[in-house]
$ cat structure26.cif   # mmCIF, C-alpha atoms
data_protein
loop_
_atom_site.label_atom_id
_atom_site.label_comp_id
_atom_site.auth_asym_id
_atom_site.auth_seq_id
_atom_site.Cartn_x
_atom_site.Cartn_y
_atom_site.Cartn_z
CA LYS A 527 2.10 -53.80 18.10
CA ALA A 528 1.07 -51.16 15.58
CA GLY A 529 -1.58 -52.12 13.06
CA VAL A 530 -1.94 -51.13 9.44
CA THR A 531 -1.90 -47.34 9.16
CA GLN A 532 -3.61 -45.51 6.34
CA THR A 533 -3.39 -41.78 5.70
CA PRO A 534 -5.25 -39.57 5.26
CA ARG A 535 -8.53 -40.79 6.75
CA TYR A 536 -10.67 -38.50 4.63
CA LEU A 537 -10.14 -36.71 1.32
CA ILE A 538 -12.33 -34.50 -0.82
CA LYS A 539 -11.15 -33.94 -4.37
CA THR A 540 -12.55 -32.38 -7.53
CA ARG A 541 -13.14 -34.29 -10.76
CA GLY A 542 -10.02 -34.34 -12.91
CA GLN A 543 -7.60 -34.03 -9.99
CA GLN A 544 -5.27 -36.75 -8.84
CA VAL A 545 -4.84 -38.22 -5.38
CA THR A 546 -2.23 -40.27 -3.50
CA LEU A 547 -3.11 -42.53 -0.59
CA SER A 548 -0.58 -44.02 1.80
CA CYS A 549 -0.41 -47.30 3.69
CA SER A 550 2.10 -48.45 6.29
CA PRO A 551 1.86 -52.22 6.89
CA ILE A 552 2.47 -54.08 10.12
CA SER A 553 6.18 -54.34 10.83
CA GLY A 554 7.55 -57.46 9.15
CA HIS A 555 4.70 -57.76 6.66
CA ARG A 556 6.01 -57.63 3.11
CA SER A 557 2.74 -58.00 1.22
CA VAL A 558 0.44 -55.02 0.81
CA SER A 559 -2.89 -55.19 -1.01
CA TRP A 560 -5.40 -52.49 -1.86
CA TYR A 561 -9.18 -52.84 -2.09
CA GLN A 562 -11.94 -50.47 -3.11
CA GLN A 563 -15.26 -50.59 -1.27
CA THR A 564 -18.42 -49.03 -2.73
CA PRO A 565 -22.09 -49.58 -1.85
CA GLY A 566 -22.81 -50.90 -5.34
CA GLN A 567 -19.81 -53.15 -5.99
CA GLY A 568 -18.77 -54.13 -2.49
CA LEU A 569 -15.10 -54.90 -1.87
CA GLN A 570 -12.99 -55.29 -4.99
CA PHE A 571 -9.29 -56.13 -5.33
CA LEU A 572 -7.14 -53.35 -6.79
CA PHE A 573 -3.56 -54.65 -6.60
CA GLU A 574 -0.99 -56.43 -4.49
CA TYR A 575 2.63 -55.50 -3.88
CA PHE A 576 5.30 -57.80 -2.56
CA SER A 577 8.98 -56.87 -2.21
CA GLU A 578 8.44 -53.63 -4.13
CA THR A 579 6.90 -55.46 -7.11
CA GLN A 580 3.30 -55.33 -8.25
CA ARG A 581 2.29 -58.97 -8.29
CA ASN A 582 -1.18 -58.52 -9.68
CA LYS A 583 -3.84 -56.00 -10.53
CA GLY A 584 -7.62 -56.21 -10.49
CA ASN A 585 -9.98 -55.06 -13.19
CA PHE A 586 -9.40 -51.33 -12.83
CA PRO A 587 -8.35 -48.75 -15.44
CA GLY A 588 -4.79 -47.54 -15.81
CA ARG A 589 -5.69 -44.39 -13.84
CA PHE A 590 -5.21 -46.54 -10.75
CA SER A 591 -1.58 -47.21 -9.96
CA GLY A 592 0.60 -47.84 -6.98
CA ARG A 593 4.03 -48.61 -5.70
CA GLN A 594 5.79 -50.13 -2.73
CA PHE A 595 8.93 -48.83 -1.10
CA SER A 596 11.86 -50.76 0.36
CA ASN A 597 10.38 -50.39 3.88
CA SER A 598 7.16 -52.07 2.59
CA ARG A 599 5.12 -48.86 2.82
CA SER A 600 2.83 -48.50 -0.15
CA GLU A 601 1.10 -45.70 -1.98
CA MET A 602 -1.71 -45.81 -4.48
CA ASN A 603 -2.44 -43.06 -6.93
CA VAL A 604 -5.59 -42.26 -8.84
CA SER A 605 -5.28 -39.78 -11.69
CA THR A 606 -8.00 -37.85 -13.52
CA LEU A 607 -10.54 -38.52 -10.78
CA GLU A 608 -14.12 -39.37 -11.70
CA LEU A 609 -17.24 -39.17 -9.54
CA GLY A 610 -17.38 -42.97 -9.55
CA ASP A 611 -14.01 -43.16 -7.79
CA SER A 612 -15.69 -42.03 -4.57
CA ALA A 613 -15.19 -44.96 -2.22
CA LEU A 614 -13.53 -46.30 0.88
CA TYR A 615 -10.03 -47.47 -0.04
CA LEU A 616 -8.69 -50.17 2.22
CA CYS A 617 -5.15 -51.40 2.55
CA ALA A 618 -4.29 -54.84 3.90
CA SER A 619 -0.99 -56.37 4.88
CA SER A 620 0.07 -59.98 5.23
CA ARG A 621 3.17 -61.61 6.64
CA GLY A 622 3.33 -64.24 3.95
CA GLN A 623 1.47 -66.26 1.34
CA GLY A 624 -0.29 -69.59 1.40
CA GLU A 625 -3.03 -70.94 3.62
CA ASN A 626 -1.40 -70.03 6.92
CA TYR A 627 -1.54 -66.30 6.35
CA GLY A 628 -4.48 -63.98 6.64
CA TYR A 629 -4.81 -60.27 6.08
CA THR A 630 -4.93 -57.34 8.49
CA PHE A 631 -6.75 -54.28 7.25
CA GLY A 632 -6.30 -50.62 8.01
CA SER A 633 -9.08 -48.17 8.85
CA GLY A 634 -9.29 -46.97 5.27
CA THR A 635 -9.24 -43.68 3.42
CA ARG A 636 -12.65 -42.24 2.53
CA LEU A 637 -12.31 -40.48 -0.84
CA THR A 638 -15.09 -38.19 -2.03
CA VAL A 639 -14.92 -36.81 -5.55
CA VAL A 640 -17.10 -33.76 -6.23
CA LYS B 1438 -14.83 -67.55 -11.61
CA GLN B 1439 -15.05 -67.56 -7.83
CA GLU B 1440 -18.20 -66.06 -6.36
CA VAL B 1441 -18.95 -65.61 -2.67
CA THR B 1442 -22.49 -65.26 -1.38
CA GLN B 1443 -23.68 -64.38 2.10
CA ILE B 1444 -27.14 -65.10 3.43
CA PRO B 1445 -29.04 -63.40 4.92
CA ALA B 1446 -28.21 -59.86 3.80
CA ALA B 1447 -29.59 -58.49 7.06
CA LEU B 1448 -30.55 -59.97 10.39
CA SER B 1449 -32.17 -58.50 13.50
CA VAL B 1450 -32.20 -60.51 16.73
CA PRO B 1451 -32.89 -59.84 20.41
CA GLU B 1452 -29.96 -59.73 22.80
CA GLY B 1453 -28.89 -63.12 24.13
CA GLU B 1454 -29.89 -65.11 21.06
CA ASN B 1455 -27.49 -67.52 19.36
CA LEU B 1456 -27.20 -66.96 15.63
CA VAL B 1457 -25.60 -68.34 12.47
CA LEU B 1458 -24.33 -66.40 9.49
CA ASN B 1459 -23.83 -68.23 6.22
CA CYS B 1460 -21.22 -67.92 3.49
CA SER B 1461 -20.99 -69.97 0.30
CA PHE B 1462 -18.40 -70.02 -2.46
CA THR B 1463 -18.48 -71.57 -5.91
CA ASP B 1464 -14.88 -72.82 -6.32
CA SER B 1465 -13.42 -75.11 -3.65
CA ALA B 1466 -9.83 -74.22 -4.65
CA ILE B 1467 -9.31 -71.78 -1.78
CA TYR B 1468 -6.29 -71.31 0.46
CA ASN B 1469 -8.19 -70.06 3.48
CA LEU B 1470 -11.34 -68.25 4.54
CA GLN B 1471 -11.50 -65.22 6.80
CA TRP B 1472 -14.45 -63.72 8.63
CA PHE B 1473 -14.32 -59.97 9.20
CA ARG B 1474 -16.41 -57.46 11.07
CA GLN B 1475 -16.96 -53.94 9.79
CA ASP B 1476 -18.49 -51.12 11.81
CA PRO B 1477 -20.10 -48.25 9.85
CA GLY B 1478 -17.50 -46.14 8.06
CA LYS B 1479 -14.62 -48.15 9.49
CA GLY B 1480 -12.09 -50.67 8.27
CA LEU B 1481 -12.25 -54.45 8.58
CA THR B 1482 -11.46 -56.30 11.77
CA SER B 1483 -10.39 -59.91 11.33
CA LEU B 1484 -12.39 -62.30 13.51
CA LEU B 1485 -11.32 -65.77 12.47
CA LEU B 1486 -9.08 -67.39 9.87
CA ILE B 1487 -9.74 -70.97 8.78
CA GLN B 1488 -7.03 -72.64 6.72
CA SER B 1489 -8.21 -74.84 3.85
CA SER B 1490 -7.05 -77.94 5.74
CA GLN B 1491 -9.05 -77.04 8.85
CA ARG B 1492 -12.72 -77.61 9.65
CA GLU B 1493 -13.33 -74.97 12.31
CA GLN B 1494 -11.86 -72.22 14.46
CA THR B 1495 -13.08 -70.73 17.72
CA SER B 1496 -12.48 -67.42 19.45
CA GLY B 1497 -14.52 -66.58 22.52
CA ARG B 1498 -18.21 -66.54 21.58
CA LEU B 1499 -17.41 -67.03 17.90
CA ASN B 1500 -17.08 -70.31 16.06
CA ALA B 1501 -16.49 -70.60 12.34
CA SER B 1502 -16.71 -73.79 10.31
CA LEU B 1503 -15.52 -74.62 6.83
CA ASP B 1504 -16.70 -77.34 4.45
CA LYS B 1505 -14.63 -76.97 1.30
CA SER B 1506 -16.28 -79.82 -0.56
CA SER B 1507 -19.69 -78.20 -0.31
CA GLY B 1508 -18.36 -74.64 -0.61
CA ARG B 1509 -19.81 -73.45 2.68
CA SER B 1510 -18.77 -71.70 5.85
CA THR B 1511 -20.78 -70.64 8.86
CA LEU B 1512 -20.08 -68.13 11.62
CA TYR B 1513 -21.81 -68.99 14.88
CA ILE B 1514 -22.21 -66.20 17.44
CA ALA B 1515 -23.25 -67.33 20.90
CA ALA B 1516 -25.20 -65.18 23.37
CA SER B 1517 -25.33 -62.14 21.08
CA GLN B 1518 -24.85 -58.66 22.54
CA PRO B 1519 -25.74 -55.17 21.21
CA GLY B 1520 -22.02 -54.57 20.71
CA ASP B 1521 -22.04 -57.36 18.11
CA SER B 1522 -24.10 -55.12 15.81
CA ALA B 1523 -22.03 -54.64 12.65
CA THR B 1524 -21.64 -55.97 9.12
CA TYR B 1525 -19.99 -59.37 8.91
CA LEU B 1526 -18.01 -60.24 5.79
CA CYS B 1527 -16.52 -63.52 4.69
CA ALA B 1528 -13.66 -63.65 2.21
CA VAL B 1529 -11.87 -66.51 0.49
CA LYS B 1530 -8.19 -66.35 -0.38
CA THR B 1531 -7.60 -67.45 -3.94
CA ARG B 1532 -4.65 -67.74 -6.25
CA MET B 1533 -4.36 -65.12 -8.96
CA ASP B 1534 -1.47 -65.81 -11.32
CA SER B 1535 1.66 -65.28 -9.22
CA SER B 1536 -0.05 -63.91 -6.14
CA TYR B 1537 -3.16 -64.12 -4.03
CA LYS B 1538 -6.22 -62.04 -3.40
CA LEU B 1539 -9.36 -62.04 -1.30
CA ILE B 1540 -12.80 -62.37 -2.83
CA PHE B 1541 -15.48 -61.00 -0.55
CA GLY B 1542 -19.14 -61.70 -0.05
CA SER B 1543 -21.52 -58.76 0.15
CA GLY B 1544 -21.89 -59.12 3.90
CA THR B 1545 -24.60 -59.71 6.49
CA ARG B 1546 -25.75 -56.63 8.41
CA LEU B 1547 -26.48 -57.71 11.98
CA LEU B 1548 -28.53 -55.74 14.51
CA VAL B 1549 -28.74 -57.04 18.06
CA ARG B 1550 -31.62 -55.35 19.89
CA PRO B 1551 -31.25 -54.67 23.66
#

$ encode --input "structure26.cif" --output "structure tokens"
Amino acid sequence: KAGVTQTPRYLIKTRGQQVTLSCSPISGHRSVSWYQQTPGQGLQFLFEYFSETQRNKGNFPGRFSGRQFSNSRSEMNVSTLELGDSALYLCASSRGQGENYGYTFGSGTRLTVV
Amino acid sequence: KQEVTQIPAALSVPEGENLVLNCSFTDSAIYNLQWFRQDPGKGLTSLLLIQSSQREQTSGRLNASLDKSSGRSTLYIAASQPGDSATYLCAVKTRMDSSYKLIFGSGTRLLVRP
């Protein structure tokens, strides 16, 4: 059974550029969430998508956006990159909601902004 | 506002020792609690999921307990091995408007010395 797949694994971008990260959830999982991990802030919730709809967004500026496709694959986009956007971006998928369902994470995309 | 705290921040033990990692949360209105393991530069691996109605879960040498009323969870690792060296994160699943999200502790960095 394939896990959560994130591409690319590593990215180096220049300030001001934009970047798109991709996440393929486990087959049958309709919920996809994104988290940002930095040494200073730890793991922080970015947004969650369910059935192609953004259900919620964390406390991040509008430069951070995303979408989910009909096959549940998700992309997140960061525009006008800043040095502080350097982080490990993790995607998680879940089969459902409520107490019975946990999250499975991908290996992450390491973004470095120079 | 839900806050998750993990103590200690770092722990070094000799191989073979039994150990306990602690996690506390401020709001008992959680749906479940997950313990994850993270190796350096990698994604999160789910270890155990405890539903809010459960008191403990076991997997191999790992046992996790949950006391919602006191806002505490513990992860017990029996007969520790060098391969257990990693950062251990606990996360509570909380409701956020129409969806859910995980709130993470800052982790306990474990080193098991041969």

$ residues_around --input "structure26.cif" --residues "B:Pro1445" --least-positions-apart "3" --cutoff "8 Å" --atoms "all atoms listed in the file" --output "list in words"
Leu1448, Leu1458, Asn1459 and Thr1545 of chain B

$ closest_atom_pairs --input "structure26.cif" --of "chain B" --to "chain A" --cutoff "10 Å" --atoms "only C-alpha atoms" --output "CSV"
residue,atom,partner,partner_atom,distance
B:Ile1467,CA,A:Glu625,CA,8.3
B:Tyr1468,CA,A:Glu625,CA,4.6
B:Asn1469,CA,A:Glu625,CA,5.2
B:Leu1470,CA,A:Gly628,CA,8.3
B:Gln1471,CA,A:Gly628,CA,7.1
B:Phe1473,CA,A:Phe631,CA,9.7
B:Gln1475,CA,A:Ser633,CA,9.8
B:Gly1478,CA,A:Leu614,CA,8.2
B:Lys1479,CA,A:Ser633,CA,5.6
B:Gly1480,CA,A:Ser633,CA,4.0
B:Leu1481,CA,A:Phe631,CA,5.7
B:Thr1482,CA,A:Phe631,CA,6.8
B:Ser1483,CA,A:Thr630,CA,6.7
B:Leu1485,CA,A:Gly628,CA,9.2
B:Leu1486,CA,A:Gly628,CA,6.6
B:Ile1487,CA,A:Glu625,CA,8.5
B:Gln1488,CA,A:Glu625,CA,5.3
B:Ser1489,CA,A:Glu625,CA,6.5
B:Ser1490,CA,A:Glu625,CA,8.3
B:Leu1526,CA,A:Leu569,CA,9.8
B:Ala1528,CA,A:Leu569,CA,9.8
B:Val1529,CA,A:Gly628,CA,9.9
B:Lys1530,CA,A:Glu625,CA,8.0
B:Thr1531,CA,A:Gly624,CA,9.3
B:Arg1532,CA,A:Gly624,CA,9.0
B:Met1533,CA,A:Asn582,CA,7.4
B:Asp1534,CA,A:Asn582,CA,7.5
B:Ser1535,CA,A:Arg581,CA,6.4
B:Ser1536,CA,A:Arg581,CA,5.9
B:Tyr1537,CA,A:Gln623,CA,7.4
B:Lys1538,CA,A:Phe571,CA,6.9
B:Leu1539,CA,A:Phe571,CA,7.2
B:Ile1540,CA,A:Gln570,CA,7.4
B:Phe1541,CA,A:Leu569,CA,6.3
B:Gly1542,CA,A:Gly568,CA,8.0
B:Ser1543,CA,A:Gly568,CA,6.0
B:Gly1544,CA,A:Gly568,CA,8.7

$ residues_around --input "structure26.cif" --residues "B:Glu1452" --least-positions-apart "2" --cutoff "7 Å" --atoms "all atoms listed in the file" --output "number ranges by chain"
B: 1450, 1454, 1517-1519, 1549-1551

$ write_last_selection --input "structure26.cif" --atoms "C-alpha atoms" --output "compact mmCIF listing (two decimals), keeping the file's coordinate frame"
# COMPACT_ATOMS: atom_id res chain seq x y z
CA VAL B 1450 -32.20 -60.51 16.73
CA GLU B 1454 -29.89 -65.11 21.06
CA SER B 1517 -25.33 -62.14 21.08
CA GLN B 1518 -24.85 -58.66 22.54
CA PRO B 1519 -25.74 -55.17 21.21
CA VAL B 1549 -28.74 -57.04 18.06
CA ARG B 1550 -31.62 -55.35 19.89
CA PRO B 1551 -31.25 -54.67 23.66

$ resolve_selection --input "structure26.cif" --expression "the PyMOL selection byres ((chain B and resi 1492-1499) around 6)" --output "list in words"
Gln1491, Asn1500, Ala1501, Ser1502, Leu1503, Tyr1513, Ile1514 and Ala1515 of chain B

$ closest_residue --input "structure26.cif" --among "A:Asn585, A:Thr579, A:Ser605, A:Ser600" --to "A:Gly542" --atoms "all atoms listed in the file"
A:Ser605

$ closest_residue --input "structure26.cif" --among "A:Val639, A:Val558, A:Val530, A:Leu607" --to "A:Gly592" --atoms "only C-alpha atoms"
A:Val558

$ atom_distance --input "structure26.cif" --atom1 "atom CA of A:Glu578" --atom2 "atom CA of A:Ile552"
15.5 Å

$ resolve_selection --input "structure26.cif" --expression "the PyMOL selection byres ((chain A and resi 608) around 10)" --output "ChimeraX atom specification"
/A:539-544,604-607,609-612,638-640

$ closest_residue --input "structure26.cif" --among "B:Val1441, B:Cys1460, B:Leu1548, B:Ala1447" --to "B:Thr1511" --atoms "only C-alpha atoms"
B:Cys1460

$ build_atoms --input "structure26.cif" --residues "stretch 1514-1525 of chain B" --atoms "all heavy atoms" --output "JSON list (two decimals), in the coordinates of the input"
[["chain", "number", "residue", "atom", "x", "y", "z"],
["B", 1514, "ILE", "N", -22.42, -67.16, 16.37],
["B", 1514, "ILE", "CA", -22.21, -66.20, 17.44],
["B", 1514, "ILE", "C", -23.11, -66.61, 18.61],
["B", 1514, "ILE", "O", -24.35, -66.66, 18.47],
["B", 1514, "ILE", "CB", -22.55, -64.76, 17.00],
["B", 1514, "ILE", "CG1", -21.71, -64.36, 15.79],
["B", 1514, "ILE", "CG2", -22.32, -63.78, 18.15],
["B", 1514, "ILE", "CD1", -22.02, -62.97, 15.23],
["B", 1515, "ALA", "N", -22.49, -66.90, 19.73],
["B", 1515, "ALA", "CA", -23.25, -67.33, 20.90],
["B", 1515, "ALA", "C", -23.60, -66.12, 21.77],
["B", 1515, "ALA", "O", -22.83, -65.16, 21.87],
["B", 1515, "ALA", "CB", -22.44, -68.33, 21.71],
["B", 1516, "ALA", "N", -24.78, -66.19, 22.40],
["B", 1516, "ALA", "CA", -25.20, -65.18, 23.37],
["B", 1516, "ALA", "C", -24.95, -63.77, 22.85],
["B", 1516, "ALA", "O", -24.17, -63.01, 23.42],
["B", 1516, "ALA", "CB", -24.50, -65.41, 24.70],
["B", 1517, "SER", "N", -25.60, -63.41, 21.76],
["B", 1517, "SER", "CA", -25.33, -62.14, 21.08],
["B", 1517, "SER", "C", -25.57, -60.94, 22.01],
["B", 1517, "SER", "O", -26.40, -60.96, 22.92],
["B", 1517, "SER", "CB", -26.21, -62.01, 19.83],
["B", 1517, "SER", "OG", -27.58, -62.11, 20.18],
["B", 1518, "GLN", "N", -24.79, -59.89, 21.76],
["B", 1518, "GLN", "CA", -24.85, -58.66, 22.54],
["B", 1518, "GLN", "C", -25.04, -57.47, 21.60],
["B", 1518, "GLN", "O", -24.65, -57.54, 20.43],
["B", 1518, "GLN", "CB", -23.55, -58.48, 23.32],
["B", 1518, "GLN", "CG", -23.19, -59.64, 24.23],
["B", 1518, "GLN", "CD", -21.80, -59.52, 24.79],
["B", 1518, "GLN", "OE1", -21.05, -58.59, 24.48],
["B", 1518, "GLN", "NE2", -21.44, -60.46, 25.65],
["B", 1519, "PRO", "N", -25.58, -56.35, 22.08],
["B", 1519, "PRO", "CA", -25.74, -55.17, 21.21],
["B", 1519, "PRO", "C", -24.43, -54.73, 20.56],
["B", 1519, "PRO", "O", -24.42, -54.24, 19.44],
["B", 1519, "PRO", "CB", -26.29, -54.12, 22.17],
["B", 1519, "PRO", "CG", -27.05, -54.91, 23.19],
["B", 1519, "PRO", "CD", -26.25, -56.17, 23.38],
["B", 1520, "GLY", "N", -23.33, -54.92, 21.26],
["B", 1520, "GLY", "CA", -22.02, -54.57, 20.71],
["B", 1520, "GLY", "C", -21.60, -55.43, 19.53],
["B", 1520, "GLY", "O", -20.63, -55.09, 18.83],
["B", 1521, "ASP", "N", -22.32, -56.52, 19.28],
["B", 1521, "ASP", "CA", -22.04, -57.36, 18.11],
["B", 1521, "ASP", "C", -22.65, -56.78, 16.84],
["B", 1521, "ASP", "O", -22.39, -57.26, 15.75],
["B", 1521, "ASP", "CB", -22.60, -58.78, 18.32],
["B", 1521, "ASP", "CG", -21.91, -59.53, 19.45],
["B", 1521, "ASP", "OD1", -20.72, -59.27, 19.70],
["B", 1521, "ASP", "OD2", -22.58, -60.37, 20.08],
["B", 1522, "SER", "N", -23.46, -55.74, 16.97],
["B", 1522, "SER", "CA", -24.10, -55.12, 15.81],
["B", 1522, "SER", "C", -23.03, -54.56, 14.87],
["B", 1522, "SER", "O", -22.22, -53.73, 15.27],
["B", 1522, "SER", "CB", -25.05, -54.02, 16.26],
["B", 1522, "SER", "OG", -26.09, -54.55, 17.05],
["B", 1523, "ALA", "N", -23.04, -55.02, 13.64],
["B", 1523, "ALA", "CA", -22.03, -54.64, 12.65],
["B", 1523, "ALA", "C", -22.35, -55.40, 11.37],
["B", 1523, "ALA", "O", -23.29, -56.20, 11.33],
["B", 1523, "ALA", "CB", -20.62, -54.99, 13.12],
["B", 1524, "THR", "N", -21.56, -55.16, 10.33],
["B", 1524, "THR", "CA", -21.64, -55.97, 9.12],
["B", 1524, "THR", "C", -20.54, -57.02, 9.16],
["B", 1524, "THR", "O", -19.39, -56.71, 9.47],
["B", 1524, "THR", "CB", -21.49, -55.10, 7.86],
["B", 1524, "THR", "OG1", -22.58, -54.17, 7.78],
["B", 1524, "THR", "CG2", -21.48, -55.97, 6.60],
["B", 1525, "TYR", "N", -20.93, -58.25, 8.88],
["B", 1525, "TYR", "CA", -19.99, -59.37, 8.91],
["B", 1525, "TYR", "C", -19.72, -59.82, 7.48],
["B", 1525, "TYR", "O", -20.65, -60.09, 6.71],
["B", 1525, "TYR", "CB", -20.55, -60.52, 9.75],
["B", 1525, "TYR", "CG", -20.57, -60.16, 11.22],
["B", 1525, "TYR", "CD1", -21.58, -59.36, 11.75],
["B", 1525, "TYR", "CD2", -19.55, -60.59, 12.07],
["B", 1525, "TYR", "CE1", -21.59, -58.99, 13.09],
["B", 1525, "TYR", "CE2", -19.55, -60.23, 13.42],
["B", 1525, "TYR", "CZ", -20.56, -59.43, 13.91],
["B", 1525, "TYR", "OH", -20.57, -59.06, 15.23]]
